[in-house]
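All remarks here apply to the structure that follows.
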Amino acid sequence: MSGLPAALPGSDFPPVIVADDDPDVRTMLRTLLELDGHEVMEAKDGDEAWRLCLEYQPSVVVADIQMPGLDGLQLCRKIRSSQYSAGIRVIAYTAGMATPEEARRAGCDAYFLKTDPLPRLREKVRQYVDARTPK
């Protein structure tokens, strides 16, 4: 084992990980992001999201704040402290369980409330993925 992340089968581009303990939220975000052409992987909690980050080196992680195991802020801190995660962008997606300032201090690149218009979140994911996509 080389310690390098595995390539996602069938895709030349890093995936987007959606981490939320609510399956309905995961399904909604997955559907929207797949409509934009993204390969999306789901994680039911922060621990699963961390394992996926190590294995697949996603371009973006959209993380709920309040989840079992690692919460979204802990997940972000773990990603930021890892030698393998320099290019991973983290978007906090919350019902208000953390402030934008708390998310920024944890290392999140963007902050969205679950009540914010979804086109703004989709555009931010697209912007981050485009920055990691080889031209």
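Ordered as shown in the structure tokens, chains take letters A, B, and onward, while each chain numbers its residues from 1 and ligands are numbered from 1 in the order shown.
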Which residues, written as a count of residues only, have at least one atom at most 8 Å from region 89-93 of chain A, with only C-alpha atoms counted and residues fewer than 3 positions away on the same chain left out?
20
Selection: 6 Å around Ile17 (chain A), only C-alpha atoms, excl. self and same-chain fewer than 6 positions, as a list of chain:residue names
A:Val40, A:Met41, A:Glu42, A:Val61
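When only C-alpha atoms are used to compute distances to Asp45 (chain A), the closest of the residues A:Thr31, A:Thr99, A:Gln74, A:Gln127 turns out to be A:Gln74.
In terms of minimum interatomic distance to Ile88 (chain A), A:Cys53 ranks closest within A:Cys53, A:Met67, A:Leu32, A:Ala106, counting only C-alpha atoms.
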Which of these, A:Arg105, A:Thr27, A:Asp21, A:Leu33, has the shortest distance to Arg126 (chain A) once you count only C-alpha atoms?
A:Leu33
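The smallest atom-to-atom distance between Ala19 (chain A) and any of A:Gln57, A:Glu39, A:Ala98, A:Pro68, using only C-alpha atoms, is found for A:Pro68.
Neighbouring residues of Gly37 (chain A) at 12 Å or closer, counting only C-alpha atoms and skipping chain neighbours under 5 positions away, are Ser11, Phe13, Pro14, Pro15, Val16, Arg30, Thr31, Leu32, Arg122, Val125, Arg126, Val129 and Asp130 of chain A.
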Just write the chosen residues, C-alpha atoms, as a CSV table (one decimal), in the first residue's frame.
chain,number,residue,atom,x,y,z
A,11,SER,CA,-14.0,9.4,-12.8
A,13,PHE,CA,-12.0,14.2,-11.1
A,14,PRO,CA,-12.0,14.2,-7.3
A,15,PRO,CA,-15.4,13.6,-5.8
A,16,VAL,CA,-17.5,15.9,-3.6
A,30,ARG,CA,-26.4,14.6,-3.9
A,31,THR,CA,-29.1,15.0,-6.4
A,32,LEU,CA,-28.4,18.7,-6.9
A,122,ARG,CA,-24.1,24.9,-5.9
A,125,VAL,CA,-19.1,23.9,-4.9
A,126,ARG,CA,-18.7,24.5,-8.7
A,129,VAL,CA,-14.2,21.9,-8.0
A,130,ASP,CA,-13.2,24.0,-11.0
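Our summary of the geometry notes that CA of Arg51 (chain A) is positioned 25.4 Å from CA of Pro100 (chain A).
Residues within 6 Å of Gly46 (chain A), counting only C-alpha atoms and excluding same-chain residues fewer than 6 positions away, are Gly69, Leu70, Asp71 and Leu75 of chain A.
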Output the selection as a compact mmCIF listing (two decimals), in the first residue's frame - N, CA and C atoms for each residue.
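Saved file part38.txt follows:
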# COMPACT_ATOMS: atom_id res chain seq x y z
N GLY A 69 -20.19 11.33 16.23
CA GLY A 69 -18.74 11.16 16.04
C GLY A 69 -18.10 12.51 15.87
N LEU A 70 -17.25 12.63 14.87
CA LEU A 70 -16.66 13.94 14.57
C LEU A 70 -17.75 14.87 14.09
N ASP A 71 -17.87 16.05 14.69
CA ASP A 71 -18.82 17.02 14.14
C ASP A 71 -18.14 17.74 12.97
N LEU A 75 -14.22 17.75 12.02
CA LEU A 75 -13.82 17.18 10.73
C LEU A 75 -12.94 18.17 9.97
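Going from CA of Arg77 (chain A) over to CA of Met28 (chain A), you cover 25.6 Å.
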